[in-house]
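Quick look at run_10.cif (mmCIF, N, CA and C atoms):
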data_entry
#
loop_
_atom_site.label_atom_id
_atom_site.label_comp_id
_atom_site.auth_asym_id
_atom_site.auth_seq_id
_atom_site.Cartn_x
_atom_site.Cartn_y
_atom_site.Cartn_z
N MET A 1 -6.99 16.68 41.69
CA MET A 1 -7.75 16.57 40.46
C MET A 1 -6.84 16.76 39.24
N LYS A 2 -5.89 17.71 39.35
CA LYS A 2 -4.96 17.93 38.24
C LYS A 2 -4.14 16.67 37.98
N ASN A 3 -3.71 16.03 39.05
CA ASN A 3 -2.91 14.81 38.89
C ASN A 3 -3.71 13.71 38.20
N LEU A 4 -4.97 13.58 38.55
CA LEU A 4 -5.82 12.57 37.94
C LEU A 4 -5.99 12.83 36.44
N LEU A 5 -6.20 14.09 36.06
CA LEU A 5 -6.32 14.44 34.65
C LEU A 5 -5.01 14.21 33.91
N LEU A 6 -3.89 14.53 34.54
CA LEU A 6 -2.58 14.32 33.93
C LEU A 6 -2.32 12.82 33.71
N ILE A 7 -2.63 12.01 34.68
CA ILE A 7 -2.46 10.56 34.55
C ILE A 7 -3.34 10.02 33.42
N PHE A 8 -4.58 10.47 33.36
CA PHE A 8 -5.48 10.04 32.29
C PHE A 8 -4.95 10.44 30.92
N ALA A 9 -4.44 11.66 30.78
CA ALA A 9 -3.91 12.14 29.50
C ALA A 9 -2.68 11.34 29.08
N ILE A 10 -1.80 11.04 30.01
CA ILE A 10 -0.60 10.25 29.70
C ILE A 10 -0.98 8.83 29.30
N ALA A 11 -1.90 8.22 30.04
CA ALA A 11 -2.32 6.86 29.71
C ALA A 11 -2.98 6.80 28.33
N THR A 12 -3.78 7.78 28.00
CA THR A 12 -4.42 7.82 26.68
C THR A 12 -3.41 7.98 25.57
N SER A 13 -2.45 8.87 25.75
CA SER A 13 -1.45 9.08 24.70
C SER A 13 -0.56 7.86 24.52
N LEU A 14 -0.22 7.17 25.60
CA LEU A 14 0.60 5.96 25.49
C LEU A 14 -0.16 4.84 24.79
N SER A 15 -1.43 4.69 25.10
CA SER A 15 -2.20 3.63 24.44
C SER A 15 -2.42 3.94 22.97
N THR A 16 -2.56 5.20 22.60
CA THR A 16 -2.70 5.58 21.21
C THR A 16 -1.42 5.27 20.44
N ALA A 17 -0.28 5.57 21.01
CA ALA A 17 1.00 5.27 20.37
C ALA A 17 1.22 3.77 20.22
N THR A 18 0.76 3.01 21.18
CA THR A 18 0.93 1.56 21.14
C THR A 18 0.14 0.94 20.00
N PHE A 19 -1.04 1.44 19.72
CA PHE A 19 -1.91 0.85 18.71
C PHE A 19 -1.84 1.54 17.36
N ALA A 20 -0.87 2.40 17.14
CA ALA A 20 -0.72 3.06 15.83
C ALA A 20 -0.43 2.02 14.76
N SER A 21 -0.89 2.29 13.51
CA SER A 21 -0.78 1.30 12.45
C SER A 21 0.48 1.42 11.62
N ASN A 22 1.35 2.34 11.92
CA ASN A 22 2.56 2.51 11.13
C ASN A 22 3.49 1.33 11.38
N ILE A 23 3.86 0.64 10.31
CA ILE A 23 4.64 -0.58 10.41
C ILE A 23 5.93 -0.43 9.66
N GLY A 24 7.01 -0.97 10.19
CA GLY A 24 8.25 -1.09 9.44
C GLY A 24 9.01 0.20 9.28
N ASP A 25 9.59 0.38 8.08
CA ASP A 25 10.53 1.47 7.82
C ASP A 25 9.85 2.74 7.34
N GLY A 26 8.80 3.15 8.01
CA GLY A 26 8.13 4.38 7.63
C GLY A 26 6.98 4.14 6.68
N GLY A 27 6.78 2.91 6.22
CA GLY A 27 5.67 2.62 5.33
C GLY A 27 4.56 1.93 6.07
N LEU A 28 3.45 1.83 5.43
CA LEU A 28 2.31 1.14 6.00
C LEU A 28 2.11 -0.16 5.23
N ALA A 29 2.34 -1.28 5.89
CA ALA A 29 2.21 -2.57 5.22
C ALA A 29 0.74 -2.90 5.03
N ILE A 30 0.36 -3.22 3.77
CA ILE A 30 -1.02 -3.65 3.53
C ILE A 30 -1.07 -5.12 3.15
N VAL A 31 0.06 -5.68 2.69
CA VAL A 31 0.20 -7.11 2.45
C VAL A 31 1.61 -7.49 2.85
N LYS A 32 1.72 -8.54 3.62
CA LYS A 32 3.04 -9.02 4.04
C LYS A 32 2.98 -10.54 4.13
N THR A 33 3.57 -11.21 3.11
CA THR A 33 3.62 -12.66 3.09
C THR A 33 5.07 -13.08 2.87
N GLU A 34 5.28 -14.38 2.76
CA GLU A 34 6.63 -14.89 2.49
C GLU A 34 7.11 -14.51 1.10
N LYS A 35 6.19 -14.29 0.16
CA LYS A 35 6.55 -14.00 -1.22
C LYS A 35 6.47 -12.53 -1.60
N VAL A 36 5.56 -11.78 -0.95
CA VAL A 36 5.25 -10.43 -1.37
C VAL A 36 5.07 -9.52 -0.17
N GLU A 37 5.52 -8.27 -0.32
CA GLU A 37 5.23 -7.24 0.67
C GLU A 37 4.88 -5.97 -0.05
N ILE A 38 3.75 -5.38 0.32
CA ILE A 38 3.30 -4.12 -0.28
C ILE A 38 3.11 -3.11 0.85
N THR A 39 3.72 -1.93 0.68
CA THR A 39 3.56 -0.86 1.65
C THR A 39 3.10 0.40 0.95
N LEU A 40 2.31 1.19 1.65
CA LEU A 40 1.83 2.47 1.14
C LEU A 40 2.85 3.55 1.45
N ALA A 41 2.85 4.58 0.64
CA ALA A 41 3.75 5.71 0.87
C ALA A 41 3.25 6.58 2.02
N ASN A 42 1.93 6.69 2.19
CA ASN A 42 1.38 7.48 3.29
C ASN A 42 0.01 6.94 3.69
N GLU A 43 -0.41 7.28 4.87
CA GLU A 43 -1.66 6.77 5.41
C GLU A 43 -2.87 7.27 4.64
N GLY A 44 -2.75 8.41 3.98
CA GLY A 44 -3.85 8.96 3.20
C GLY A 44 -4.28 8.05 2.06
N GLN A 45 -3.37 7.18 1.61
CA GLN A 45 -3.70 6.27 0.52
C GLN A 45 -4.71 5.21 0.94
N LYS A 46 -4.90 5.02 2.23
CA LYS A 46 -5.92 4.07 2.70
C LYS A 46 -7.32 4.51 2.30
N GLU A 47 -7.48 5.80 1.95
CA GLU A 47 -8.80 6.32 1.59
C GLU A 47 -9.34 5.71 0.30
N PHE A 48 -8.47 5.39 -0.65
CA PHE A 48 -8.97 4.92 -1.93
C PHE A 48 -8.69 3.44 -2.19
N ILE A 49 -7.92 2.77 -1.35
CA ILE A 49 -7.71 1.33 -1.50
C ILE A 49 -8.63 0.62 -0.51
N ILE A 50 -9.61 -0.09 -1.04
CA ILE A 50 -10.57 -0.78 -0.17
C ILE A 50 -9.98 -2.06 0.39
N SER A 51 -9.36 -2.88 -0.49
CA SER A 51 -8.76 -4.12 0.00
C SER A 51 -7.59 -4.53 -0.89
N THR A 52 -6.67 -5.24 -0.30
CA THR A 52 -5.51 -5.78 -1.01
C THR A 52 -5.20 -7.14 -0.41
N SER A 53 -4.93 -8.12 -1.29
CA SER A 53 -4.56 -9.44 -0.79
C SER A 53 -3.66 -10.12 -1.80
N PHE A 54 -2.88 -11.08 -1.31
CA PHE A 54 -2.08 -11.91 -2.19
C PHE A 54 -2.79 -13.25 -2.29
N GLU A 55 -3.25 -13.58 -3.50
CA GLU A 55 -3.96 -14.83 -3.75
C GLU A 55 -2.93 -15.87 -4.19
N GLU A 56 -2.48 -16.66 -3.23
CA GLU A 56 -1.41 -17.61 -3.50
C GLU A 56 -1.81 -18.67 -4.52
N ASP A 57 -3.06 -19.11 -4.49
CA ASP A 57 -3.51 -20.14 -5.44
C ASP A 57 -3.50 -19.63 -6.88
N ARG A 58 -3.70 -18.35 -7.07
CA ARG A 58 -3.66 -17.75 -8.41
C ARG A 58 -2.35 -17.04 -8.69
N ASN A 59 -1.49 -16.94 -7.67
CA ASN A 59 -0.19 -16.28 -7.77
C ASN A 59 -0.34 -14.85 -8.29
N GLN A 60 -1.22 -14.08 -7.60
CA GLN A 60 -1.46 -12.71 -8.00
C GLN A 60 -1.80 -11.84 -6.81
N ILE A 61 -1.61 -10.55 -7.00
CA ILE A 61 -2.03 -9.55 -6.02
C ILE A 61 -3.37 -9.02 -6.50
N ALA A 62 -4.37 -9.05 -5.63
CA ALA A 62 -5.70 -8.56 -5.96
C ALA A 62 -5.97 -7.30 -5.14
N MET A 63 -6.32 -6.22 -5.84
CA MET A 63 -6.60 -4.95 -5.17
C MET A 63 -7.96 -4.44 -5.64
N VAL A 64 -8.70 -3.85 -4.70
CA VAL A 64 -9.97 -3.21 -5.02
C VAL A 64 -9.87 -1.76 -4.56
N PHE A 65 -10.18 -0.84 -5.48
CA PHE A 65 -10.09 0.59 -5.22
C PHE A 65 -11.49 1.17 -5.11
N GLU A 66 -11.58 2.30 -4.42
CA GLU A 66 -12.86 2.98 -4.27
C GLU A 66 -13.33 3.60 -5.58
N THR A 67 -12.39 4.07 -6.39
CA THR A 67 -12.73 4.66 -7.69
C THR A 67 -11.91 3.98 -8.78
N ASN A 68 -12.16 4.37 -9.99
CA ASN A 68 -11.53 3.79 -11.17
C ASN A 68 -10.02 4.04 -11.20
N VAL A 69 -9.27 3.01 -11.55
CA VAL A 69 -7.83 3.12 -11.78
C VAL A 69 -7.64 3.11 -13.29
N SER A 70 -7.09 4.19 -13.85
CA SER A 70 -6.96 4.26 -15.30
C SER A 70 -5.67 3.62 -15.79
N ILE A 71 -4.57 3.82 -15.08
CA ILE A 71 -3.26 3.33 -15.52
C ILE A 71 -2.45 2.88 -14.31
N ILE A 72 -1.65 1.83 -14.52
CA ILE A 72 -0.65 1.41 -13.54
C ILE A 72 0.72 1.57 -14.19
N GLN A 73 1.65 2.16 -13.45
CA GLN A 73 3.03 2.29 -13.90
C GLN A 73 3.91 1.54 -12.91
N VAL A 74 4.81 0.73 -13.42
CA VAL A 74 5.71 -0.05 -12.57
C VAL A 74 7.13 0.44 -12.80
N PHE A 75 7.81 0.81 -11.71
CA PHE A 75 9.18 1.30 -11.75
C PHE A 75 10.09 0.31 -11.05
N ASP A 76 11.31 0.11 -11.58
CA ASP A 76 12.26 -0.76 -10.91
C ASP A 76 12.93 -0.01 -9.76
N GLU A 77 13.86 -0.66 -9.06
CA GLU A 77 14.47 -0.05 -7.88
C GLU A 77 15.33 1.16 -8.22
N ASN A 78 15.69 1.34 -9.50
CA ASN A 78 16.46 2.50 -9.93
C ASN A 78 15.56 3.64 -10.41
N GLY A 79 14.26 3.46 -10.35
CA GLY A 79 13.32 4.48 -10.78
C GLY A 79 13.03 4.46 -12.27
N GLU A 80 13.56 3.47 -12.98
CA GLU A 80 13.32 3.33 -14.41
C GLU A 80 11.96 2.67 -14.62
N ILE A 81 11.20 3.18 -15.56
CA ILE A 81 9.88 2.61 -15.81
C ILE A 81 10.02 1.25 -16.49
N GLU A 82 9.36 0.26 -15.92
CA GLU A 82 9.39 -1.11 -16.44
C GLU A 82 8.22 -1.38 -17.36
N MET A 83 7.03 -0.93 -16.95
CA MET A 83 5.84 -1.18 -17.76
C MET A 83 4.74 -0.18 -17.41
N ILE A 84 3.86 0.02 -18.37
CA ILE A 84 2.66 0.83 -18.20
C ILE A 84 1.49 -0.04 -18.61
N LEU A 85 0.52 -0.17 -17.72
CA LEU A 85 -0.63 -1.04 -17.98
C LEU A 85 -1.92 -0.23 -17.91
N PRO A 86 -2.68 -0.15 -19.00
CA PRO A 86 -4.00 0.49 -18.94
C PRO A 86 -4.97 -0.43 -18.21
N ILE A 87 -5.76 0.12 -17.27
CA ILE A 87 -6.64 -0.71 -16.46
C ILE A 87 -8.11 -0.38 -16.72
N GLY A 88 -8.56 0.79 -16.31
CA GLY A 88 -9.95 1.18 -16.51
C GLY A 88 -10.93 0.41 -15.66
N SER A 89 -10.58 0.14 -14.41
CA SER A 89 -11.44 -0.64 -13.52
C SER A 89 -11.14 -0.30 -12.06
N GLU A 90 -12.06 -0.67 -11.19
CA GLU A 90 -11.85 -0.53 -9.75
C GLU A 90 -11.13 -1.74 -9.17
N SER A 91 -11.11 -2.84 -9.92
CA SER A 91 -10.43 -4.07 -9.49
C SER A 91 -9.15 -4.24 -10.29
N VAL A 92 -8.06 -4.52 -9.58
CA VAL A 92 -6.75 -4.68 -10.23
C VAL A 92 -6.16 -6.01 -9.77
N ASN A 93 -5.72 -6.83 -10.72
CA ASN A 93 -5.03 -8.07 -10.42
C ASN A 93 -3.67 -8.04 -11.09
N LEU A 94 -2.62 -8.16 -10.29
CA LEU A 94 -1.25 -8.16 -10.80
C LEU A 94 -0.66 -9.56 -10.66
N GLY A 95 -0.45 -10.23 -11.78
CA GLY A 95 0.13 -11.56 -11.76
C GLY A 95 1.62 -11.50 -11.45
N MET A 96 2.09 -12.43 -10.66
CA MET A 96 3.49 -12.46 -10.28
C MET A 96 4.41 -12.80 -11.46
N SER A 97 3.84 -13.32 -12.56
CA SER A 97 4.66 -13.61 -13.74
C SER A 97 5.18 -12.31 -14.37
N LEU A 98 4.60 -11.17 -14.01
CA LEU A 98 5.07 -9.88 -14.51
C LEU A 98 6.36 -9.42 -13.84
N PHE A 99 6.69 -10.01 -12.68
CA PHE A 99 7.78 -9.52 -11.86
C PHE A 99 8.84 -10.57 -11.62
N GLU A 100 10.07 -10.09 -11.50
CA GLU A 100 11.17 -10.93 -11.01
C GLU A 100 11.40 -10.54 -9.56
N GLU A 101 12.23 -11.28 -8.87
CA GLU A 101 12.56 -10.96 -7.48
C GLU A 101 13.20 -9.58 -7.43
N GLY A 102 12.76 -8.76 -6.47
CA GLY A 102 13.34 -7.43 -6.33
C GLY A 102 12.36 -6.44 -5.75
N GLN A 103 12.76 -5.17 -5.82
CA GLN A 103 11.96 -4.08 -5.27
C GLN A 103 11.42 -3.23 -6.42
N TYR A 104 10.16 -2.84 -6.29
CA TYR A 104 9.50 -2.05 -7.31
C TYR A 104 8.67 -0.96 -6.63
N GLN A 105 8.35 0.05 -7.42
CA GLN A 105 7.33 1.01 -7.04
C GLN A 105 6.22 0.87 -8.06
N VAL A 106 5.00 0.74 -7.57
CA VAL A 106 3.85 0.61 -8.44
C VAL A 106 3.01 1.87 -8.26
N GLY A 107 2.80 2.58 -9.37
CA GLY A 107 2.04 3.81 -9.34
C GLY A 107 0.66 3.61 -9.94
N PHE A 108 -0.34 4.16 -9.29
CA PHE A 108 -1.72 4.04 -9.72
C PHE A 108 -2.26 5.43 -10.05
N MET A 109 -2.80 5.59 -11.25
CA MET A 109 -3.53 6.82 -11.60
C MET A 109 -4.99 6.55 -11.23
N VAL A 110 -5.43 7.19 -10.15
CA VAL A 110 -6.75 6.96 -9.60
C VAL A 110 -7.62 8.18 -9.89
N ASP A 111 -8.85 7.94 -10.38
CA ASP A 111 -9.77 9.05 -10.64
C ASP A 111 -9.95 9.89 -9.38
N GLY A 112 -9.91 11.19 -9.54
CA GLY A 112 -10.09 12.11 -8.42
C GLY A 112 -8.78 12.57 -7.80
N TYR A 113 -7.64 12.01 -8.27
CA TYR A 113 -6.33 12.41 -7.76
C TYR A 113 -5.48 12.85 -8.95
N ASP A 114 -4.85 14.02 -8.81
CA ASP A 114 -4.05 14.57 -9.90
C ASP A 114 -2.69 13.88 -10.04
N GLU A 115 -2.15 13.40 -8.94
CA GLU A 115 -0.82 12.81 -8.95
C GLU A 115 -0.90 11.29 -8.87
N ILE A 116 0.12 10.65 -9.42
CA ILE A 116 0.22 9.20 -9.35
C ILE A 116 0.42 8.79 -7.89
N GLN A 117 -0.26 7.73 -7.48
CA GLN A 117 -0.18 7.24 -6.12
C GLN A 117 0.76 6.04 -6.09
N LEU A 118 1.90 6.18 -5.42
CA LEU A 118 2.93 5.14 -5.42
C LEU A 118 2.83 4.22 -4.22
N THR A 119 3.03 2.94 -4.46
CA THR A 119 3.18 1.95 -3.41
C THR A 119 4.49 1.24 -3.63
N ASN A 120 5.03 0.66 -2.58
CA ASN A 120 6.28 -0.10 -2.68
C ASN A 120 5.94 -1.59 -2.71
N LEU A 121 6.56 -2.29 -3.63
CA LEU A 121 6.33 -3.72 -3.81
C LEU A 121 7.64 -4.45 -3.73
N VAL A 122 7.73 -5.43 -2.86
CA VAL A 122 8.93 -6.27 -2.74
C VAL A 122 8.52 -7.69 -3.08
N ILE A 123 9.19 -8.26 -4.10
CA ILE A 123 8.98 -9.66 -4.47
C ILE A 123 10.17 -10.43 -3.91
N LYS A 124 9.86 -11.41 -3.07
CA LYS A 124 10.93 -12.18 -2.40
C LYS A 124 11.21 -13.48 -3.12
#
Would you give me this structure, written as structure tokens?
Amino acid sequence: MKNLLLIFAIATSLSTATFASNIGDGGLAIVKTEKVEITLANEGQKEFIISTSFEEDRNQIAMVFETNVSIIQVFDENGEIEMILPIGSESVNLGMSLFEEGQYQVGFMVDGYDEIQLTNLVIK
């Protein structure tokens, strides 16, 4: 009986590890296309981001949040602030004309959270 329980526990843990959602270099990919890749800093951020997509026909990233986003801050790969955008909405659309090819961090000030929530953005 002990062996049967041990086998069941090992099989369950292996299947859980196989289906884990952590992708890539420690980040969680929420959009991955030929032009754009967006990853979250931690899995807890999935709580307030309802959906994210790259709308190729409009050449923009569309995000829907559970609560209001007051400000977006965009940082370049050196950590220098590139732009600050006041939003005041649960829906956020980021046009690709705002970005050049490269790596960015996009920070969202979300109602109910004291700290800025950072995501990684790669424009290819």
Nearest to Glu77 in chain A by atom-to-atom distance, counting only C-alpha atoms, from A:Gln103, A:Ile50, A:Ile30, A:Asp114: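 Selected residue with least distance to Glu77 in chain A: A:Gln103.
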Selection under test: the PyMOL selection byres (((chain A and resi 63 and name CA) around 6) and name CA); residues as a list in words: Ser51, Thr52, Ala62, Val64, Ser91 and Val92 of chain A
Nearest-residue call for Met96 in chain A, choices A:Phe65, A:Arg58, A:Gly79, A:Ser53, using all atoms listed in the file: A:Arg58
Picked residues, the PyMOL selection byres ((chain A and resi 59) around 7), as a list in words: Phe54, Glu55, Glu56, Asp57, Arg58, Gln60, Ile61, Leu94, Gly95, Met96 and Ser97 of chain A
Ala41 in chain A environment, 6 Å, all atoms listed in the file, sequence neighbours closer than 5 positions dropped, as number ranges by chain: A: 27-28, 118-120
Given the selection you just returned, output its residues as a file containing N, CA and C atoms, formatted as a CSV table (one decimal), in the frame of the given file.
chain,number,residue,atom,x,y,z
A,27,GLY,N,6.8,2.9,6.2
A,27,GLY,CA,5.7,2.6,5.3
A,27,GLY,C,4.6,1.9,6.1
A,28,LEU,N,3.4,1.8,5.4
A,28,LEU,CA,2.3,1.1,6.0
A,28,LEU,C,2.1,-0.2,5.2
A,118,LEU,N,1.9,6.2,-5.4
A,118,LEU,CA,2.9,5.1,-5.4
A,118,LEU,C,2.8,4.2,-4.2
A,119,THR,N,3.0,2.9,-4.5
A,119,THR,CA,3.2,2.0,-3.4
A,119,THR,C,4.5,1.2,-3.6
A,120,ASN,N,5.0,0.7,-2.6
A,120,ASN,CA,6.3,-0.1,-2.7
A,120,ASN,C,5.9,-1.6,-2.7
Residue among A:Leu121, A:Val74, A:Val36, A:Ile84 lying closest to Gly107 in chain A, counting all atoms listed in the file: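 Answer, going by the shortest atom-to-atom distance: A:Val74.
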Residues matched by the PyMOL selection byres ((chain A and resi 102) around 6.5), written as JSON, numbers by chain: {"A": [100, 101, 103, 104, 121, 122, 123, 124]}
Who sits within 9 Å of Asp111 in chain A, only C-alpha atoms, same chain under 3 positions skipped, as a list in words: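 So, after excluding close chain neighbours, the residues are Thr67, Asn68, Val69, Ser70 and Asp114 of chain A.
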